[in-house]
Number of protein chains: 2
Amino acid sequence: MSTQILTPRPLRPTDFAPYGDVVELGSDHVLINDGRCKRFSDLSALVAEGGRVGISLFQSEVQALPYSCTLLERHPHGSQCFVPMEGCTTLYIVAEDDAGTPVRPKAFVAHGRQAVNIAANTWHGVLTPLSDGGLYTVIDRVDGGPNLEEYPLGMALTVLPGGGAE
Amino acid sequence: MSTQILTPRPLRPTDFAPYGDVVELGSDHVLINDGRCKRFSDLSALVAEGGRVGISLFQSEVQALPYSCTLLERHPHGSQCFVPMEGCTTLYIVAEDDAGTPVRPKAFVAHGRQAVNIAANTWHGVLTPLSDGGLYTVIDRVDGGPNLEEYPLGMALTVLPGGGAE
């Protein structure tokens, strides 16, 4: 099987914007609870066409780099937000779409204080924690019927260490 | 100001059921991602009457026990789910309602792998992290107008250490 090498970069909202939202601390907030708490409000749009927004937990095996990805998937009718609960770093492989085919894959590494909301119908790899503790709260579409499209790549995307992924 | 002493207990779903849901790992799951990930699906109902479900971040000051609470609040039109992102323990003070007055307060301490979804219109204290790292993802009602009712207690609920809160 042929291989395409990807070097991951640290996750930044502007770089990730074509694929979804990075839910992280910014500057725009209000003070609540008598000044004891900062609220950074409404940071990403949740999509759950034909279903409803639900709260789930994912507990995933931790992976090591180099990591090989041979399949991407997308959810036509819903966004999918991953919130790390154990501070682990997470690998996100995403790709653009060209008439139903994922193209131009990229790899990003989120740190443990970044949640990620992948936009509806956006190609991505499966959840890939890179450090100890693969527990996530996931906010996505539930109770709405089929919402998964898979694309076997016919090759391997190999994500190397480096680029801030350690 | 008079004081009522509360000794917190560790958060268990059955004890907390009158006030909301504990979002934690259980036994009922499906395997996804080629067997690498357990999905515990749709663990709590999100309510956002007149608005929509949004994703926000709260960054709160950490508090120490004994902790004094003089005000409870509730959100008539929405549930509010708190997901700890830094593994911190969290104090939840909740109360039953008697014709608009909070009564029979209780205190619970959640560990860092428990998210909590407080039910709509349920009396509770403000977000109270007890250990380092007060960063939470919050899933609650946004964009829907007023949704806050506050109740000054006229006394102090004092939560003591003990009962598994350390």
# chains A, B, ... in the order shown; residues from 1 in each chain; ligands from 1
$ residues_around --residues "stretch 29-41 of chain A" --least-positions-apart "5" --cutoff "8 Å" --atoms "only C-alpha atoms" --output "ChimeraX atom specification"
/B:54-61,126-127
$ select_by_dssp --residues "chain B" --states "alpha helix (DSSP H)" --output "ChimeraX atom specification"
/B:13-16
$ closest_residue --among "A:Ile118, A:Cys69, A:Ala48, A:Val53" --to "chain B" --atoms "only C-alpha atoms"
A:Val53
$ residues_around --residues "stretch 131-143 of chain B" --least-positions-apart "3" --cutoff "9 Å" --atoms "only C-alpha atoms" --output "PyMOL selection string"
(chain A and resi 23+37+41-42+55+83+113+115+139) or (chain B and resi 46-64+77-90+117+128+147+166)
$ closest_residue --among "A:Ala110, A:Val103, A:Leu148, A:Ala120" --to "A:Gln4" --atoms "only C-alpha atoms"
A:Val103
$ closest_residue --among "B:Glu24, B:Gly144, B:Ala17, B:Pro8" --to "B:Pro105" --atoms "only C-alpha atoms"
B:Pro8
$ closest_residue --among "A:His111, A:Leu25, A:His75, A:Arg104" --to "chain B" --atoms "only C-alpha atoms"
A:Leu25
